[in-house]
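What follows is my_file-v4.cif (mmCIF, C-alpha atoms).
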```cif
data_input
#
loop_
_atom_site.label_atom_id
_atom_site.label_comp_id
_atom_site.auth_asym_id
_atom_site.auth_seq_id
_atom_site.Cartn_x
_atom_site.Cartn_y
_atom_site.Cartn_z
CA MET I 1 -3.50 16.12 7.33
CA GLY I 2 -1.80 12.74 7.51
CA LEU I 3 -3.65 9.48 7.61
CA VAL I 4 -2.66 5.85 7.78
CA SER I 5 -4.62 2.79 6.74
CA ILE I 6 -4.07 -0.86 7.53
CA GLY I 7 -6.70 -3.51 7.00
CA THR I 8 -8.82 -4.97 9.75
CA GLY I 9 -12.35 -5.99 9.04
CA CYS I 10 -15.23 -8.31 9.72
CA SER I 11 -15.15 -11.83 8.34
CA SER I 12 -14.50 -15.23 9.82
CA SER I 13 -11.21 -17.10 9.62
CA ASP I 14 -8.40 -18.33 11.83
CA SER I 15 -4.62 -18.28 11.53
CA SER I 16 -4.56 -20.78 8.65
CA ASP I 17 -6.65 -21.47 5.58
CA SER I 18 -7.39 -24.13 2.96
CA LYS I 19 -4.32 -23.13 0.91
CA GLY I 20 -2.02 -24.10 3.77
CA GLY I 21 -1.86 -20.63 5.26
CA ALA I 22 0.77 -19.77 7.82
CA SER I 23 0.97 -17.39 10.72
CA LEU I 24 1.28 -13.67 10.05
CA ASP I 25 3.69 -12.77 12.84
CA CYS I 26 6.66 -10.54 13.70
CA ALA I 27 9.07 -12.91 11.96
CA TRP I 28 7.07 -12.66 8.71
CA LEU I 29 6.87 -8.87 8.96
CA ASP I 30 10.64 -8.68 9.60
CA SER I 31 11.50 -10.98 6.68
CA ASP I 32 11.84 -10.12 2.99
CA ASN I 33 8.16 -10.99 2.65
CA CYS I 34 6.06 -10.77 -0.51
CA TRP I 35 4.70 -7.30 0.41
CA LYS I 36 8.22 -5.86 0.59
CA THR I 37 9.56 -7.65 -2.48
CA THR I 38 6.53 -6.81 -4.62
CA ALA I 39 6.63 -3.12 -3.64
CA SER I 40 10.40 -2.89 -4.13
CA ALA I 41 10.10 -4.35 -7.65
CA ALA I 42 8.45 -1.05 -8.68
CA THR I 43 11.07 1.34 -7.27
CA GLY I 44 13.12 1.74 -10.47
CA CYS I 45 9.98 2.76 -12.36
CA LEU I 46 8.46 5.17 -9.81
CA PRO I 47 8.97 8.95 -9.93
CA PRO I 48 12.37 9.95 -8.49
CA SER I 49 12.32 10.70 -4.77
CA GLY I 50 12.06 14.44 -4.20
CA GLU I 51 10.48 15.16 -7.60
CA ARG I 52 6.98 16.62 -7.45
CA GLY I 53 4.32 15.95 -10.03
CA VAL I 54 1.66 18.33 -11.30
CA LEU I 55 -2.04 17.48 -11.03
CA SER I 56 -4.19 17.97 -14.12
CA ALA I 57 -6.96 20.57 -14.04
CA ASP I 58 -9.56 17.87 -13.26
CA ASN I 59 -7.31 16.03 -10.75
CA SER I 60 -7.48 12.79 -12.75
CA LYS I 61 -3.72 12.59 -13.43
CA CYS I 62 -0.44 13.67 -11.91
CA SER I 63 2.41 14.12 -14.40
CA TYR I 64 6.13 14.31 -13.67
CA ALA I 65 8.84 15.98 -15.76
CA SER I 66 10.75 12.68 -15.64
CA GLY I 67 7.89 10.95 -17.53
CA ALA I 68 6.01 9.20 -14.72
CA VAL I 69 2.22 9.58 -14.63
CA VAL I 70 -0.22 8.69 -11.85
CA THR I 71 -3.69 8.02 -13.26
CA PHE I 72 -6.59 7.96 -10.78
CA ALA I 73 -9.63 5.78 -11.58
CA SER I 74 -11.80 8.69 -10.38
CA PRO I 75 -10.63 12.30 -10.23
CA LEU I 76 -9.32 13.34 -6.81
CA VAL I 77 -11.13 15.71 -4.49
CA LEU I 78 -8.73 17.89 -2.48
CA PRO I 79 -8.53 17.88 0.40
CA VAL I 80 -9.21 14.14 0.36
CA PRO I 81 -12.49 13.22 2.11
CA ASP I 82 -12.51 10.87 5.10
CA ARG I 83 -12.08 7.20 4.19
CA PRO I 84 -11.13 7.55 0.53
CA THR I 85 -11.19 4.52 -1.73
CA TRP I 86 -7.81 4.54 -3.50
CA ASP I 87 -7.57 3.24 -7.05
CA PHE I 88 -4.66 4.41 -9.19
CA THR I 89 -2.01 3.27 -11.64
CA ILE I 90 1.52 4.64 -11.92
CA SER I 91 3.23 4.37 -15.29
CA ASN I 92 6.51 5.64 -16.70
CA GLY I 93 6.77 5.85 -20.46
CA GLU I 94 5.24 2.69 -21.88
CA GLN I 95 5.76 0.72 -18.65
CA THR I 96 3.12 0.24 -15.95
CA CYS I 97 4.96 0.56 -12.63
CA LEU I 98 2.17 -0.53 -10.31
CA GLN I 99 -1.53 -0.50 -9.59
CA TYR I 100 -2.93 0.07 -6.11
CA GLN I 101 -6.61 -0.60 -5.51
CA GLU I 102 -8.67 -0.74 -2.36
CA THR I 103 -11.22 -3.50 -2.20
CA GLY I 104 -14.21 -3.86 0.13
CA ALA I 105 -12.19 -5.30 3.03
CA GLY I 106 -8.59 -4.44 2.16
CA PHE I 107 -6.39 -3.61 -0.79
CA LYS I 108 -4.24 -5.10 -3.52
CA LEU I 109 -0.93 -4.05 -5.00
CA THR I 110 0.04 -5.27 -8.46
CA VAL I 111 3.56 -4.87 -9.86
CA GLY I 112 4.06 -6.60 -13.19
CA SER I 113 2.48 -10.05 -12.89
CA GLN I 114 2.79 -10.09 -9.07
CA THR I 115 -0.21 -9.20 -6.87
CA VAL I 116 -0.32 -9.00 -3.09
CA LYS I 117 -3.72 -8.76 -1.39
CA GLU I 118 -4.49 -7.67 2.15
CA GLY I 119 -7.85 -8.39 3.71
CA SER I 120 -9.60 -9.13 6.95
CA SER I 121 -9.41 -12.29 9.01
CA GLY I 122 -11.92 -12.49 11.84
CA ALA I 123 -13.23 -9.47 13.68
CA ILE I 124 -9.85 -7.76 14.14
CA GLY I 125 -7.53 -9.97 12.13
CA LEU I 126 -5.51 -9.56 8.99
CA GLN I 127 -4.66 -11.83 6.06
CA ILE I 128 -2.03 -11.37 3.37
CA GLU I 129 -2.19 -13.33 0.11
CA CYS I 130 1.11 -13.44 -1.75
CA PRO I 131 1.69 -13.97 -5.47
CA GLY I 132 1.20 -17.68 -6.12
CA GLY I 133 -1.54 -17.96 -3.48
CA ALA I 134 0.38 -18.47 -0.22
CA THR I 135 -1.51 -16.83 2.65
CA TYR I 136 -0.48 -15.54 6.05
CA SER I 137 -2.98 -14.48 8.70
CA ASP I 138 -3.38 -13.41 12.31
CA SER I 139 -6.66 -13.22 14.19
CA ASN I 140 -5.57 -10.08 16.11
CA ALA I 141 -3.67 -7.56 13.96
CA PHE I 142 -3.36 -5.19 16.91
CA GLU I 143 -0.88 -7.60 18.52
CA LEU I 144 1.46 -7.01 15.57
CA PHE I 145 1.74 -3.24 16.12
CA SER I 146 4.63 -3.79 18.53
CA CYS I 147 6.69 -5.97 16.16
CA GLY I 148 9.14 -3.22 15.12
CA ALA I 149 9.73 -4.71 11.66
CA ASP I 150 9.84 -1.18 10.23
CA GLY I 151 12.53 0.07 12.58
CA GLY I 152 9.88 1.24 15.04
CA SER I 153 8.45 3.77 12.57
CA LEU I 154 4.77 2.88 12.29
CA PHE I 155 2.47 -0.03 13.09
CA GLY I 156 5.14 -2.69 13.55
CA GLY I 157 5.78 -3.17 9.83
CA LEU I 158 2.23 -4.10 8.85
CA PRO I 159 1.40 -3.50 5.18
CA GLY I 160 -0.72 -0.41 4.63
CA ASN I 161 -0.74 3.09 3.19
CA THR I 162 -0.26 6.62 4.34
CA TYR I 163 -1.10 9.92 2.70
CA PHE I 164 -0.77 13.61 3.38
CA ASP I 165 -3.08 16.06 1.68
CA SER I 166 -4.12 19.70 1.53
CA THR I 167 -6.34 21.75 -0.75
CA THR I 168 -3.48 21.84 -3.29
CA SER I 169 -1.38 18.71 -2.79
CA LEU I 170 -1.32 14.98 -2.12
CA SER I 171 1.45 12.51 -1.32
CA PHE I 172 0.94 8.77 -0.94
CA GLY I 173 3.16 5.98 0.34
CA LEU I 174 3.14 2.31 1.23
CA LEU I 175 3.87 1.27 4.82
CA GLY I 176 5.77 -1.83 5.92
CA THR I 177 8.04 -1.84 2.87
CA SER I 178 11.38 -1.21 4.59
CA ALA I 179 13.11 -2.34 7.77
CA THR I 180 14.46 1.17 8.38
CA SER I 181 12.05 3.85 7.17
CA GLY I 182 8.90 1.75 6.92
CA GLU I 183 7.54 3.72 3.96
CA LEU I 184 7.94 3.76 0.17
CA GLU I 185 6.72 7.05 -1.31
CA LEU I 186 4.74 6.38 -4.49
CA PHE I 187 3.89 9.93 -5.51
CA ASN I 188 3.91 13.55 -4.38
CA CYS I 189 1.69 15.87 -6.44
CA ASP I 190 0.73 19.57 -6.42
CA LYS I 191 -1.88 21.71 -8.18
#
```
Final structure tokens representation of the file:
Amino acid sequence: MGLVSIGTGCSSSDSSDSKGGASLDCAWLDSDNCWKTTASAATGCLPPSGERGVLSADNSKCSYASGAVVTFASPLVLPVPDRPTWDFTISNGEQTCLQYQETGAGFKLTVGSQTVKEGSSGAIGLQIECPGGATYSDSNAFELFSCGADGGSLFGGLPGNTYFDSTTSLSFGLLGTSATSGELELFNCDK
């Protein structure tokens, strides 16, 4: 099963905010925005592409021969139930590569001291908060699906996640991180 998640929720806002927010538009999605640069800062630390990790007996960790470890805040249930709440940390040796955590109305990605947050803006809008507090928002995220900032792969280049699971495996990636493929694989684990 493959699922994709981008944030749209229910709160009130418009296309700017009190921190001097700017428009979240196709140009922002196509640029080297804070979502892309924050995610790419973790690539040298993540498990090598093509390597598969092994889930622990209780599904609380996924360990790689190369030294990377994915630690889940709560042990996984496979297959993953509908609407999971993701909360995990990827480390390699003594270094924390990244933390990904879903919040009530979106998610946040932390790499080093940099955190990007995605949340809702209006009934069907989206807001991105970059490291340092700059915000970008759009009151209708559905309009951005046609942007093509990910090479036409998925959802116009909007930040989000995708996962594929079975009774014995799970892979997870971040969407909107590349102009060509659109996805950065974070982990791929088997029982």
Q. For Phe187 of chain I, which residue among I:Gly67, I:Gly173, I:Pro75, I:Gly132 is the nearest when counting all atoms listed in the file?
A. I:Gly173
If the PyMOL selection byres ((chain I and resi 74) around 12) is run on the structure shown, which residues does it catch, given as a CSV table (one decimal) with C-alpha atoms, in the coordinates of the input?
```
chain,number,residue,atom,x,y,z
I,58,ASP,CA,-9.6,17.9,-13.3
I,59,ASN,CA,-7.3,16.0,-10.8
I,60,SER,CA,-7.5,12.8,-12.8
I,61,LYS,CA,-3.7,12.6,-13.4
I,70,VAL,CA,-0.2,8.7,-11.8
I,71,THR,CA,-3.7,8.0,-13.3
I,72,PHE,CA,-6.6,8.0,-10.8
I,73,ALA,CA,-9.6,5.8,-11.6
I,75,PRO,CA,-10.6,12.3,-10.2
I,76,LEU,CA,-9.3,13.3,-6.8
I,77,VAL,CA,-11.1,15.7,-4.5
I,84,PRO,CA,-11.1,7.6,0.5
I,85,THR,CA,-11.2,4.5,-1.7
I,86,TRP,CA,-7.8,4.5,-3.5
I,87,ASP,CA,-7.6,3.2,-7.0
I,88,PHE,CA,-4.7,4.4,-9.2
I,89,THR,CA,-2.0,3.3,-11.6
I,101,GLN,CA,-6.6,-0.6,-5.5
```
Q. With distances taken over only C-alpha atoms, which of I:Thr96, I:Thr167, I:Asn33, I:Asn140 is nearest to Thr110 of chain I?
A. I:Thr96
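Atom pair atom CA of Lys191 of chain I / atom CA of Glu94 of chain I has a distance of 24.5 Å (rounded to one decimal).
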Q: Using all atoms listed in the file, find the one residue out of I:Ser40, I:Ser23, I:Ser178, I:Ser63 that sits nearest to Leu109 of chain I.
A: I:Ser40
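Closest approach to Glu51 of chain I among I:Ser66, I:Gln99, I:Ser121, I:Thr37: I:Ser66, based on all atoms listed in the file.
With distances taken over all atoms listed in the file, I:Leu98 is the one residue among I:Gln127, I:Leu98, I:Cys45, I:Phe142 lying closest to Gln114 of chain I.
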Q.
Given the point (5.3, 3.7, -2.9) in the coordinates of this file, which residues lie within 9 Å, counting all atoms listed in the file, and how would they look as JSON, numbers by chain?
A. {"I": [39, 40, 42, 43, 46, 161, 172, 173, 174, 175, 177, 183, 184, 185, 186, 187]}
Save out the residues we just selected, C-alpha atoms, as a PDB file, in the frame of the given file.
```
ATOM      1  CA  ALA I  39       6.630  -3.120  -3.640  1.00  0.00           C
ATOM      2  CA  SER I  40      10.400  -2.890  -4.130  1.00  0.00           C
ATOM      3  CA  ALA I  42       8.450  -1.050  -8.680  1.00  0.00           C
ATOM      4  CA  THR I  43      11.070   1.340  -7.270  1.00  0.00           C
ATOM      5  CA  LEU I  46       8.460   5.170  -9.810  1.00  0.00           C
ATOM      6  CA  ASN I 161      -0.740   3.090   3.190  1.00  0.00           C
ATOM      7  CA  PHE I 172       0.940   8.770  -0.940  1.00  0.00           C
ATOM      8  CA  GLY I 173       3.160   5.980   0.340  1.00  0.00           C
ATOM      9  CA  LEU I 174       3.140   2.310   1.230  1.00  0.00           C
ATOM     10  CA  LEU I 175       3.870   1.270   4.820  1.00  0.00           C
ATOM     11  CA  THR I 177       8.040  -1.840   2.870  1.00  0.00           C
ATOM     12  CA  GLU I 183       7.540   3.720   3.960  1.00  0.00           C
ATOM     13  CA  LEU I 184       7.940   3.760   0.170  1.00  0.00           C
ATOM     14  CA  GLU I 185       6.720   7.050  -1.310  1.00  0.00           C
ATOM     15  CA  LEU I 186       4.740   6.380  -4.490  1.00  0.00           C
ATOM     16  CA  PHE I 187       3.890   9.930  -5.510  1.00  0.00           C
TER      17      PHE I 187
END
```
